[in-house]
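Asks: Below you will find the structure I want to go over with you.
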Amino acid sequence: MEDDYKFAASTFFAKNHPGETCGSNGLPLTPSSITILGRSQRLLQIEHPNLCTYLDIIRGKHERIIVVAEVIGKALAEYTTKFSYEEIINIATQVACGMKLLHDGNIIHRTLSDDNILLDSNGRVKLFHYGMYYMTNEGKEVPFPLGLPRYFSPEAIIGGGGPSADVWAFGIIILELCIGKLWNNLKPSPTMRRILTLVHSNNPAERIAREHYALDAYKEIPENIRGIIEKCLKIYPSERATFKDLHSELSSMNTRTPSEIKPVRGLMGCKLQYLYHWWQLAGGDIQAELKKSGLIKNSPPILSMPIAILLDGPTIGGKTGALFDRRIAKYSLDLLKNRLSHIPPSDFYPLMHERRRDYEAMALPKIIRERDTEYQFYRLLWFQRLLHGYPYTAQCIRSEAEIDIPPLVRGDVWAALLGVLGDIETHYERIDKETPTHTDRQIDVDIPRCHQYCWLLCGAEGHKKLKRLLKAWLLTNPQYVYWQGLDSLTAPFLYLNFCNEARAFACLTAFVPKFLHKFFLKDNSAVIKEYLAKFWQMAAFHEPQLATHLHDINFVPELFAIPWFLTMFSHVFPLHKIVHLWDALLVEGPSLPLFMGAAILRQLRDTLLDSGFNECILLFSDLPEIDIGECVKESIDMCRSTPKSLSYRRFTNEPEIKDPMVRYAYITYLNTFICKIIIYRDMVEIPMEILLNEVCPRISLSDFFSLICQDKCCVIDIRSNLLYEKSCIEGSINIPYSGVHLGQHELKSLGPQPYKVLVEAVKMNKIIVVASAEDGTAQLVRDKVFDFIKILYKGSPSRFI
Amino acid sequence: MTATELENTTKTFKFSFPTCTNEDLLFKLEVPVEIPYPGSTRELVQRILKMFHIPVYLEDDLNEKLADFVSEETKNFHHNRDAALIDQLKNNELDLEGIIKNWEKQFKNVVDFAEQKGSSDEEVFAAAYHKLVHSPALETILQVESAYAKTVMDMIQNRDEDIKKLTKRQTEEMEEKIRLLNTSTTEEEINTLAAKHFEAQSLATGRWDSQLDALKHTQRAEHRAWLMNAINEYQTEEKITPSNSPLCSYASLPPAPSAPAALLEESFTIHLGSQLKQTHNIRLVCADMLDLCARDRADGGVSLSLYSSELSGAVLVCEARPSRSPLTSLPRVTDHHFPDLHDQLRRIEEAVAEPAEARNRSRSERESRRRALRAGDVFVTRHSDLAQHVVFHLVADEDELRSAELSSRHRALLGLREVLLAAHRNDVSSVALPLLLRRELGEDATAAWCLRRAELVLKCVKGFVLEASAAGGARLTTLTAAVPKDARALFPALAALLPAVFRVAGPLRPRLPSGPV
Amino acid sequence: MISIAMATNRSAQRPNGAPQTKVCQFKLVLLGESAVGKSSLVLRFVKGQFHEYQESTIGAAFLTQTLCLDDTTVKFEIWDTAGQERYHSLAPMYYRGAQAAIVVYDITNQDTFGRAKNWVKELQRQASPSIVIALAGNKSDLAAKRMVEFEEAQAYADENGLLFMETSAKTAMNVNDIFLAIANKLPKSEVSTGGAGTRVLNDADAPRASSCCK
């Protein structure tokens with residue numbers, strides 16, 4: 001059944017640039033397929049009842065482009081019976097309506113023909129693949145001509161043609177519907193010659209009819225339709241009607257009210273984009289079908305091998321350009337229907353109040369869940385629901401996003417998580433993104449180096465958009481300046497909102513104060529230093545052995561971690577990894593990156609422990625493959641198991657920790673699962689210079705008390721015996737710092753009681769808090785404590801790991 | 001061609017509004033606007049508002065006016081251009097023939113209008129073969145092919161033995177003659193005998209070769225006919241195994257090929273790229289490049305993938321004369337798919353002459369070499385009877401490769417780059433190359449030289465692979481780096497070098513004495 | 001034929017029983033405006049690779065490369081710095097204690113040459129007085145778009161006692177040569193006093209990564 005087909009694909013090859021040509025900037029020319037991919041993104045956004053929605057533009061091997069779009073019914077060319085004049089008016093009205101929208105958006109069709117106007121049994125008309133001329137940059141990016149000669153307007157043949165050329169084609173189509181196919185079976189050149197001779201005629205339409213011996217039939221056409229045809233088939237484009245005029249005129253003629261199509265329920269009522277996405281997840285394969293129907297010809301590559309390649313010369317023999325095949329392959333959704341047939345109808349309409357469902361797939365890794373048809377089916381419908389209710393559902397979105405985010409709506413969900421609201425388009429429109437500034441050169445040299453493996457970002461369209469976003473952000477954040485890396489930071493937002501710059505901008509605008517507060521200040525050294533110091537403390541807290549080693553070889557975060565945090569890892573990882581990282585970031589909040597850093601170190605732990613300074617830094621200069629799923633999981637675990645005050649930073653936009661008795665203490669993990677040491681002392685805020693030197697973080701009193709209450713820590717009191725005996729925390733052990741000798745490496749040397757308690761604490765995975773009350777001994781204490789770590793570590797690993 | 005390159009124009013947008021104090025006094029502003037306007041007019045309005053400090057209440061008005069202005073001017077822009085073109089057409093000022101011819105040429109690239117040409121014989125056979133080797137018929141096909149191969153190899157063996165016998169006889173005869181020199185023979189007689197011997201040799205070789213050629217020819221025709229028949233049966237009757245296999249005419253199945261000698265081999269998986277990383281396999285083997293090409297094809301893998309998009313290829317360093325390809329020294333069985341090697345090489349020699357001459361024109365070459373290939377050029381042969389589908393012959397000066405410290409800009413390495421890029425463009429997903437760019441080491445190569453050369457080649461290859469993978473073709477999944485057999489002792493050192501090059505840096509040997517190039 | 005089996009890369013080959021080679025370690029820093037090709041030069045030198053769309057460097061990147069001279073093995077510890085002016089404040093951290101610097105400009109961009117001169121000035125003022133400075137006019141493959149004349153740069157280099165070469169990371173022209181020229185100019189005999197000076201190591205201490213050979 002014709003109605004079973006929901007979408008169709010067509011394919012063609014983009015133009016091949018000859019060999020080694022370079023652009024004016026010395027960089028290789030952008031491949032045509034990339035340009036097409038970039039331009040066609042805009043088409044994916046168009047939704048109109050008379051236009052087939054574009055679903056996907058795929059870039060295949062060897063410059064192949066595959067276009068996937070909605071289809072209905074069948075093409076006018078496939079109908080063998082003649083249409084009544086009433087039907088013709090109905091078709092023309094809808095075509096004009098679709099064309100009006102295209103021309104309003106400055107999209108010229110240029111390939112309008114009877115084989116891309118689709119009509120279904122309900123009398124609905126949709127234009128199919130109307131964006132060919134637009135996406136190929138007026139045909140410049142493909143090695144073949146666009147459109148069918150018989151619909152060419154005279155000016156289009158001789159090298160001109162604006163929107164009015166479409167009006168001519170429209171006129172020819174209506175004329176054909178009335179008097180039958182024109183210039184049937186005529187080859188392109190004679191057809192074009194005939195068209196060109198029309199310029200000498202006063203009434204081209206009539207002349208065409210006469211040429212086809214159809215003058216009588218022509219005269220029989222009702223006057224109003226003939227009027228329309230003649231208004232279209234004027235030689236001078238300026239005399240032709242516009243689709244705006246045509247549409248209103250045709251609408252008034254159209255007696256047929258479009259038959260109300262009842263909204264479909266169930267699977268077929270879902271958004272076409274979702275259906276296509278699920279279909280692919282269920283195993284639908286666009287390329288396979290194209291191959292089966294012969295649209296992708298599998299001429300074996302061995303048969304088109306070149307026979308010689310001359311250096312600084314031509315390639316001899318080999319591939320000849322493939323022909324452009326205008327046919328399309330249609331796809332039904334049977335595969336998907338079968339896959340989801342067991343789902344009860346009620347599930348298509350999830351209710352907000354329903355308890356969150358537990359799916360089997362939930363236990364699987366994120367990457368697998370993203371590819372599970374049924375899971376994505378439920379998740380997408382649920383998120384669609386939630387996003388519809390945004391901003392009232394913001395809380396709910398957040399808690400769902402904690403589980404995972406369906407890739408198809410990631411852009412929307414991120415915007416919701418970042419609290420993007422209001423008329424962002426107008427706001428963005430008001431920002432001047434054109435006027436040159438002194439930062440332009442820097443932006444211009446950075447953009448062609450930013451995530452260029454990504455096909456969207458490496459084309460002219462992507463470059464232009466990224467530049468606009470950066471300029472807009474700089475203009476609206478005068479307190480900040482452009483630091484290299486801002487480009488990488490902006491890239492994920494552009495990637496997810498390629499056709500919605502305003503939202504990409506709103507997301508970036510919301511992201512920076514939340515996660516990178518003050519990072520882009522002209523003088524950001526204090527901010528970065530604090531951040532790195534905190535990162536180092538968190539690393540030491542969770543990976544003490546590693547931290548000790550890196551500290552020993554003087555491998556400090558300044559040497560490698562600046563790009564990590566300044567760009568929130570977007571300079572370090574490819575986009576498909578960044579999105580998973582940021583999914584977690586946006587939900588967990590601004591402390592998470594510190595732990596992500598620690599989690600990366602943890603993944604490289606074995607290598608790092610075996611390496612000296614040079615090897616370490618070389619390792620980071622070309623970071624090995626990191627398991628992002630693992631990294632996210634670990635970092636969330638670390639983040640949640642770390643008392644909040646430990647990762648407290650001064651340079652943050654987060655609300656202050658409301659703790660009237662803010663005190664801080666040193667803390668460190670001894671081993672991931674062994675124990676941690678804390679020292680606390682009276683102090684409201686740690687001066688920067690002290691913070692930077694501290695390996696062990698400090699804890700706030702309230703966090704400390706809560707640890708004690710939950711029996712999660714072991715307190716080592718390093719004050720003197722006298723003070724200790726006067727008053728102490730229950731269960732704490734006393735090891736006066738003056739009594740510890742640097743040379744001692746045996747835990748037992750601390751005495752039998754402390755030894756026992758510590759060993760016990762280590763077993764119980766407790767945090768070890770080192771407590772001191774004396775401000776003045778801070779420096780000394782720190783050294784001692786650090787020594788403790790070493791002592792404890794060296795004394796214990798074989799027994800406890 | 002659909003639209004000639006349009007010159008965009010600039011039009012002046014004029015806007016005036018009354019001052020707040022005096023109704024009659026108008027502020028006038030003029031803004032040059034590019035037509036067609038590539039951006040959003042609403043954004044332009046915002047810039048105008050800011051630039052000229054225009055009261056915001058005029059925003060809506062300005063939005064509307066500017067949008068109208070741009071749309072009107074764009075329309076005019078198209079109309080004026082088109083009207084001028086049509087006027088030219090009417091006045092016969094256009095090269096109509098040229099225009100139509102050009103369209104005609106262009107439309108040849110569209111299926112609907114292209115000349116109907118059926119698939120070539122080659123394509124038909126390729127499709128049939130590909131289908132059959134992916135059917136249960138595979139086993140039969142392999143048996144038949146190896147039976148064919150055996151027959152040829154037997155004949156080659158007979159030929160070799162025959163020639164050997166002849167040579168032996170002649171040698172003895174000659175020795176005898178020479179022994180009698182000055183007693184009963186003269187120099188003249190010896191010379192005559194030598195000439196006679198030579199003639200006999202060429203006669204024998206010629207006879208054998210023509211026999212071989214005839215055999216191959218028959219086999220090839222037989223093979224084709226059988227397979228085309230088989231595919232018909234397969235498609236119409238869904239037969240599992242093809243009947244009438246020419247196998248029946250061969251009494252016994254050839255013996256199973258002996259297992260190839262154990263290779264010294266080590267494999268690595270490497271990740272290339274800084275943000276996005278791609279995985280490639282690198283295999284280091286100790287083997288002669290020719291052996292890698294000639295390895296027994298018993299596994300059928302070569303047949304299976306012959307018409308797939310995962311071809312295998314090998315790089316052979318060779319002289320500028322295609323006819324001297326090292327492949328010619330390999331004993332060869334019937335190639336059922338591609339022209340005979342000598343034919344391929346002859347075709348290449350003919351085809352490159354002209355382009356090479358055009359290319360070489362710029363440099364003063366000796367007359368004899370004007371039409372010749374130069375170092376860095378590559379010619380390509382295709383095979384179904386070798387272990388590699390494609391052989392990339394990299395032209396290089398052996399002496400240069402032997403002696404000097406190569407720089408990464410040496411033509412041989414640039415040629416290697418062309419090979420890897422071509423592999424990418426043509427779906428050759430696994431490439432074997434000589435790691436040292438030499439087949440054997442000889443006396444002069446020191447261990448240090450080898451390591452240095454290996455590092456240079458590996459580094460360059462790494463760069464080329466990175467470059468090629470950005471070009472969006474097939475992915476090079478496997479690289480095989482072959483170490484000459486006489487460098488066996490170096491294998492461990494080279495195996496240690498490999499991870500170093502692809503992860504960390506190794507030491508660099510500058511050319512000494514140094515100096516700017 | 002090869003007679004010596006390369007055992008492990010730890011025991012470096014020595015030319016037929018020649019005396020032990022000295023291993024000198026030098027810190028080298030690359031400076032220059034962004035997108036002039038600093039990272040590309042280093043990557044070409046160290047890894048032999050070139051990437052048209054080399055990502056921008058944030059902060060700095062570190063690599064090492066060993067060069068074998070006649071009697072010495074020179075190990076460069078290379079700090080490739082971020083080019084953007086803003087990262088300037090970080091630069092001293094990297095050039096402090098450096099024995100060599102390559103100041104890079106782009107021959108197709110006059111501004112980058114001006115910026116290079118500023119770097120030279122700063123180095124002459126702030127860095128160690130014995131620092132060897134080389135000036136590299138990169139992107140010589142784009143000579144058709146040249147904006148900085150060779151002679152102009154050469155004259156400037158002569159005035160200031162700089163090594164000078166025009167390089168191309170893309171074609172590899174002069175890349176090894178400029179590092180080699182620096183290596184040749186660096187003093188390799190005396191062990192300089194103070195922590196940051198030349199470290200002369202004997203073979204046993206040679207870093208593991210170097211499988212240096214002759």
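Note on naming: chains are A, B, ... as they come in the structure tokens, residues start from 1 per chain, ligands start from 1 in the order shown.
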When you get a sec, could you note down which chain B residues fall within 7 Å of chain A, using only C-alpha atoms, as an mmCIF file with N, CA and C atoms, in the first residue's frame?
Replies:
data_model
loop_
_atom_site.group_PDB
_atom_site.id
_atom_site.type_symbol
_atom_site.label_atom_id
_atom_site.label_comp_id
_atom_site.auth_asym_id
_atom_site.auth_seq_id
_atom_site.Cartn_x
_atom_site.Cartn_y
_atom_site.Cartn_z
ATOM 1 N N MET B 1 26.398 25.824 -13.205
ATOM 2 C CA MET B 1 25.839 26.089 -14.526
ATOM 3 C C MET B 1 24.413 26.586 -14.423
ATOM 4 N N THR B 2 23.707 26.139 -13.367
ATOM 5 C CA THR B 2 22.322 26.566 -13.244
ATOM 6 C C THR B 2 22.215 28.069 -13.017
ATOM 7 N N ALA B 3 23.166 28.629 -12.408
ATOM 8 C CA ALA B 3 23.165 30.082 -12.268
ATOM 9 C C ALA B 3 24.584 30.583 -12.412
ATOM 10 N N THR B 4 24.785 31.525 -13.267
ATOM 11 C CA THR B 4 26.135 32.042 -13.409
ATOM 12 C C THR B 4 26.505 32.764 -12.127
ATOM 13 N N ARG B 42 16.549 41.718 10.612
ATOM 14 C CA ARG B 42 16.208 42.150 11.972
ATOM 15 C C ARG B 42 17.481 42.414 12.776
ATOM 16 N N GLU B 43 18.503 41.608 12.529
ATOM 17 C CA GLU B 43 19.763 41.868 13.226
ATOM 18 C C GLU B 43 20.385 43.165 12.734
ATOM 19 N N GLN B 46 18.899 46.067 14.445
ATOM 20 C CA GLN B 46 19.430 46.279 15.788
ATOM 21 C C GLN B 46 20.752 47.048 15.728
ATOM 22 N N ARG B 47 21.563 46.713 14.749
ATOM 23 C CA ARG B 47 22.844 47.412 14.643
ATOM 24 C C ARG B 47 22.631 48.858 14.241
ATOM 25 N N HIS B 78 17.183 40.082 -9.007
ATOM 26 C CA HIS B 78 16.964 38.918 -9.863
ATOM 27 C C HIS B 78 16.318 39.338 -11.182
ATOM 28 N N HIS B 79 15.300 40.173 -11.081
ATOM 29 C CA HIS B 79 14.552 40.546 -12.280
ATOM 30 C C HIS B 79 15.414 41.297 -13.274
ATOM 31 N N ARG B 81 18.653 41.239 -13.633
ATOM 32 C CA ARG B 81 19.627 40.346 -14.246
ATOM 33 C C ARG B 81 18.951 39.487 -15.303
ATOM 34 N N ASP B 82 17.779 38.919 -14.930
ATOM 35 C CA ASP B 82 17.099 38.027 -15.853
ATOM 36 C C ASP B 82 16.607 38.780 -17.083
ATOM 37 N N ALA B 83 16.088 39.982 -16.861
ATOM 38 C CA ALA B 83 15.584 40.768 -17.990
ATOM 39 C C ALA B 83 16.727 41.052 -18.966
ATOM 40 N N LEU B 85 19.374 39.288 -19.435
ATOM 41 C CA LEU B 85 19.702 38.038 -20.125
ATOM 42 C C LEU B 85 18.704 37.757 -21.238
ATOM 43 N N ILE B 86 17.440 37.944 -20.920
ATOM 44 C CA ILE B 86 16.419 37.640 -21.923
ATOM 45 C C ILE B 86 16.522 38.605 -23.105
ATOM 46 N N LYS B 90 17.005 37.631 -26.910
ATOM 47 C CA LYS B 90 16.153 38.101 -28.002
ATOM 48 C C LYS B 90 16.982 38.736 -29.104
ATOM 49 N N ILE B 99 25.850 27.378 -24.872
ATOM 50 C CA ILE B 99 25.061 27.136 -23.656
ATOM 51 C C ILE B 99 24.365 25.781 -23.716
ATOM 52 N N ILE B 100 23.732 25.532 -24.846
ATOM 53 C CA ILE B 100 22.995 24.267 -24.972
ATOM 54 C C ILE B 100 23.942 23.079 -24.923
ATOM 55 N N GLU B 104 23.898 19.989 -22.421
ATOM 56 C CA GLU B 104 23.831 18.627 -22.925
ATOM 57 C C GLU B 104 24.892 17.758 -22.256
ATOM 58 N N GLN B 106 26.335 18.331 -19.434
ATOM 59 C CA GLN B 106 25.998 18.183 -18.018
ATOM 60 C C GLN B 106 24.949 17.100 -17.805
ATOM 61 N N PHE B 107 23.955 17.093 -18.694
ATOM 62 C CA PHE B 107 22.855 16.158 -18.476
ATOM 63 C C PHE B 107 23.260 14.716 -18.724
ATOM 64 N N ASN B 109 25.354 13.406 -17.110
ATOM 65 C CA ASN B 109 25.648 12.897 -15.778
ATOM 66 C C ASN B 109 24.404 12.490 -15.007
ATOM 67 N N VAL B 110 23.258 12.618 -15.628
ATOM 68 C CA VAL B 110 22.018 12.256 -14.950
ATOM 69 C C VAL B 110 21.477 11.002 -15.618
ATOM 70 N N VAL B 111 21.129 10.032 -14.787
ATOM 71 C CA VAL B 111 20.735 8.731 -15.311
ATOM 72 C C VAL B 111 19.650 8.838 -16.392
ATOM 73 N N GLU B 123 31.863 -5.942 -15.034
ATOM 74 C CA GLU B 123 30.947 -5.748 -13.914
ATOM 75 C C GLU B 123 30.012 -6.936 -13.740
ATOM 76 N N SER B 274 43.857 13.513 18.090
ATOM 77 C CA SER B 274 44.024 14.109 19.406
ATOM 78 C C SER B 274 42.721 14.158 20.187
ATOM 79 N N GLN B 275 41.650 14.582 19.555
ATOM 80 C CA GLN B 275 40.380 14.562 20.284
ATOM 81 C C GLN B 275 39.638 13.286 19.914
ATOM 82 N N LEU B 276 39.249 13.211 18.662
ATOM 83 C CA LEU B 276 38.635 11.987 18.174
ATOM 84 C C LEU B 276 39.751 11.019 17.812
ATOM 85 N N TYR B 307 35.716 -8.475 -4.696
ATOM 86 C CA TYR B 307 34.816 -7.426 -5.190
ATOM 87 C C TYR B 307 34.130 -6.695 -4.043
ATOM 88 N N SER B 308 34.745 -6.715 -2.879
ATOM 89 C CA SER B 308 34.153 -6.045 -1.726
ATOM 90 C C SER B 308 34.769 -4.653 -1.571
ATOM 91 N N SER B 309 34.414 -4.003 -0.498
ATOM 92 C CA SER B 309 35.008 -2.693 -0.223
ATOM 93 C C SER B 309 36.102 -2.811 0.820
ATOM 94 N N ILE B 348 49.941 0.200 -18.720
ATOM 95 C CA ILE B 348 50.382 1.292 -17.855
ATOM 96 C C ILE B 348 51.463 2.096 -18.559
ATOM 97 N N ARG B 359 54.044 16.286 -17.428
ATOM 98 C CA ARG B 359 54.503 16.616 -16.079
ATOM 99 C C ARG B 359 56.001 16.918 -16.072
ATOM 100 N N GLY B 376 58.782 8.468 -6.858
ATOM 101 C CA GLY B 376 57.597 9.002 -6.193
ATOM 102 C C GLY B 376 56.322 8.718 -6.952
ATOM 103 N N ASP B 377 56.443 8.387 -8.243
ATOM 104 C CA ASP B 377 55.254 8.003 -9.000
ATOM 105 C C ASP B 377 54.823 6.602 -8.568
ATOM 106 N N VAL B 378 53.561 6.330 -8.819
ATOM 107 C CA VAL B 378 53.021 5.046 -8.396
ATOM 108 C C VAL B 378 52.252 4.455 -9.562
ATOM 109 N N PHE B 379 52.449 3.173 -9.837
ATOM 110 C CA PHE B 379 51.514 2.523 -10.754
ATOM 111 C C PHE B 379 50.912 1.299 -10.084
ATOM 112 N N VAL B 380 49.729 0.954 -10.554
ATOM 113 C CA VAL B 380 48.896 0.033 -9.788
ATOM 114 C C VAL B 380 48.495 -1.151 -10.659
ATOM 115 N N THR B 381 48.662 -2.336 -10.126
ATOM 116 C CA THR B 381 48.170 -3.523 -10.835
ATOM 117 C C THR B 381 47.173 -4.255 -9.944
ATOM 118 N N GLY B 415 55.550 9.652 -2.443
ATOM 119 C CA GLY B 415 54.851 8.629 -3.205
ATOM 120 C C GLY B 415 54.082 7.696 -2.283
ATOM 121 N N ARG B 425 40.902 6.316 -0.937
ATOM 122 C CA ARG B 425 39.881 6.692 -1.912
ATOM 123 C C ARG B 425 39.281 5.469 -2.591
ATOM 124 N N ASN B 426 40.014 4.373 -2.589
ATOM 125 C CA ASN B 426 39.575 3.232 -3.376
ATOM 126 C C ASN B 426 39.290 1.987 -2.556
ATOM 127 N N ASP B 427 38.965 2.206 -1.287
ATOM 128 C CA ASP B 427 38.528 1.110 -0.432
ATOM 129 C C ASP B 427 39.551 0.003 -0.237
ATOM 130 N N GLY B 472 37.752 11.334 4.539
ATOM 131 C CA GLY B 472 36.430 10.723 4.434
ATOM 132 C C GLY B 472 36.297 9.632 3.406
ATOM 133 N N GLY B 473 37.258 8.745 3.341
ATOM 134 C CA GLY B 473 37.130 7.582 2.472
ATOM 135 C C GLY B 473 37.020 6.337 3.314
ATOM 136 N N ALA B 474 37.553 5.245 2.775
ATOM 137 C CA ALA B 474 37.556 4.010 3.540
ATOM 138 C C ALA B 474 38.543 4.156 4.684
ATOM 139 N N VAL B 504 54.983 7.644 22.094
ATOM 140 C CA VAL B 504 55.957 8.613 22.559
ATOM 141 C C VAL B 504 56.967 8.875 21.441
#
Asks: Enumerate as a PyMOL selection string all residues of range 37-155 of chain A assigned to helix (DSSP H, G or I) by DSSP on the backbone, naming them with the chain letters and numbers the document uses.
Replies: chain A and resi 37-40+43-45+61-63+76-78+85-104+132-135+149-151+154-155
Asks: Tell me, in Å to one decimal, how far CA of Thr205 in chain B is from CA of Leu290 in chain B.
Replies: 23.7 Å
Asks: Point out the residue among C:Ala183, C:Leu63, C:Leu43, C:Leu123 with the least atom-to-atom distance to Val23 in chain C, counting only C-alpha atoms.
Replies: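 Once distances to Val23 in chain C are computed over only C-alpha atoms, the minimum belongs to C:Ala183.
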Asks: Please identify every residue of chain A that has at least one atom no more than 9 Å from any atom of chain C, counting only C-alpha atoms, and report them as a ChimeraX atom specification.
Replies: /A:24,26-28,442,445-446,448-453,481-485,522-523,525,558-563,566,571,614-615,617-618,620-621
Asks: Just write the chosen residues, C-alpha atoms, as a compact mmCIF listing (two decimals), in the first residue's frame.
Replies:
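Written output follows (result15.txt):
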# COMPACT_ATOMS: atom_id res chain seq x y z
CA SER A 24 43.10 31.18 0.34
CA GLY A 26 46.35 27.67 2.92
CA LEU A 27 44.01 25.07 4.37
CA PRO A 28 42.54 22.38 2.14
CA GLN A 442 42.10 35.33 17.34
CA VAL A 445 42.46 31.51 13.64
CA ASP A 446 40.97 29.36 16.37
CA PRO A 448 39.26 26.36 11.86
CA ARG A 449 41.04 24.30 14.50
CA CYS A 450 38.09 23.65 16.77
CA HIS A 451 36.62 20.12 16.71
CA GLN A 452 37.22 19.91 12.98
CA TYR A 453 36.66 16.17 12.83
CA VAL A 481 37.61 38.43 27.53
CA TYR A 482 38.25 35.80 24.90
CA TRP A 483 40.56 33.10 26.15
CA GLN A 484 41.54 30.41 23.72
CA GLY A 485 39.39 27.50 24.73
CA LYS A 522 41.28 39.17 31.96
CA ASP A 523 43.28 38.22 35.00
CA SER A 525 45.11 33.43 37.48
CA GLU A 558 49.31 23.61 36.13
CA LEU A 559 51.18 21.59 33.57
CA PHE A 560 48.27 19.70 32.16
CA ALA A 561 44.92 20.50 33.73
CA ILE A 562 44.34 24.10 32.64
CA PRO A 563 42.67 23.10 29.36
CA LEU A 566 38.99 26.12 31.39
CA HIS A 571 39.20 20.81 24.47
CA ASN A 614 58.59 13.24 31.43
CA GLU A 615 56.55 10.15 30.76
CA ILE A 617 53.60 14.79 30.85
CA LEU A 618 53.98 13.06 27.53
CA PHE A 620 48.92 13.92 28.99
CA SER A 621 50.11 15.68 25.87
Asks: As a PyMOL selection string, please: the residues near range 337-342 of chain B (cut-off 8 Å, only C-alpha atoms, same-chain neighbours under 5 positions excluded).
Replies: chain B and resi 323+328+381-384
Asks: Would you list the contacts of range 165-175 of chain C as a PyMOL selection string, taking every protein, DNA or RNA residue within 6 Å and counting only C-alpha atoms, but skipping same-chain residues closer than 6 positions in sequence?
Replies: chain C and resi 40-41+44+50+136-141
Asks: Could the residues in this selection be saved with N, CA and C atoms as a short mmCIF file (atom, residue, chain, number, x, y, z; two decimals), in the first residue's frame?
Replies:
data_model
loop_
_atom_site.label_atom_id
_atom_site.label_comp_id
_atom_site.auth_asym_id
_atom_site.auth_seq_id
_atom_site.Cartn_x
_atom_site.Cartn_y
_atom_site.Cartn_z
N SER C 40 52.54 22.73 15.40
CA SER C 40 52.80 21.95 14.20
C SER C 40 54.30 21.69 14.02
N LEU C 41 55.11 22.71 14.32
CA LEU C 41 56.55 22.52 14.21
C LEU C 41 57.02 21.44 15.16
N ARG C 44 55.81 18.03 14.08
CA ARG C 44 56.57 17.57 12.93
C ARG C 44 57.93 17.07 13.36
N PHE C 50 51.86 15.86 10.55
CA PHE C 50 51.32 17.19 10.32
C PHE C 50 49.82 17.09 10.19
N ALA C 136 62.00 31.40 13.70
CA ALA C 136 61.52 30.53 12.63
C ALA C 136 60.39 31.21 11.88
N GLY C 137 60.60 31.43 10.59
CA GLY C 137 59.52 31.96 9.75
C GLY C 137 58.78 30.78 9.17
N ASN C 138 57.67 30.44 9.79
CA ASN C 138 56.99 29.20 9.41
C ASN C 138 56.03 29.42 8.23
N LYS C 139 55.52 28.35 7.73
CA LYS C 139 54.59 28.30 6.59
C LYS C 139 55.27 28.72 5.29
N SER C 140 56.53 28.32 5.13
CA SER C 140 57.23 28.70 3.90
C SER C 140 56.64 28.00 2.68
N ASP C 141 55.78 27.01 2.92
CA ASP C 141 55.08 26.40 1.78
C ASP C 141 54.08 27.37 1.15
#
Asks: I'd like the interatomic distance between CA of Ala422 in chain B and CA of Thr320 in chain A, to a tenth of an Å.
Replies: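 Separation between CA of Ala422 in chain B and CA of Thr320 in chain A: 14.6 Å.
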Asks: Which is closest to chain C among B:Leu479, B:Ala128, B:Ala294, B:Leu490, if we use only C-alpha atoms?
Replies: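 Going through B:Leu479, B:Ala128, B:Ala294, B:Leu490 one by one, the smallest distance to chain C is for B:Leu490.
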Asks: What's the 9 Å shell around range 385-392 of chain B, counting only C-alpha atoms, without same-chain residues fewer than 4 positions away, as a PyMOL selection string?
Replies: (chain A and resi 302+305+308) or (chain B and resi 149+291-297+301-303+305-306+311-317+332-337+378-381+419+428+431-432)
Asks: Got a sec to tell me which of range 9-201 of chain C DSSP assigns to strand (DSSP E or B), as JSON, numbers by chain?
Replies: {"C": [22, 23, 24, 25, 26, 27, 28, 29, 30, 31, 60, 61, 62, 63, 64, 65, 66, 67, 68, 72, 73, 74, 75, 76, 77, 78, 79, 80, 81, 100, 101, 102, 103, 104, 105, 106, 132, 133, 134, 135, 136, 137, 138, 163, 164, 165, 166, 168, 173, 199, 200, 201]}
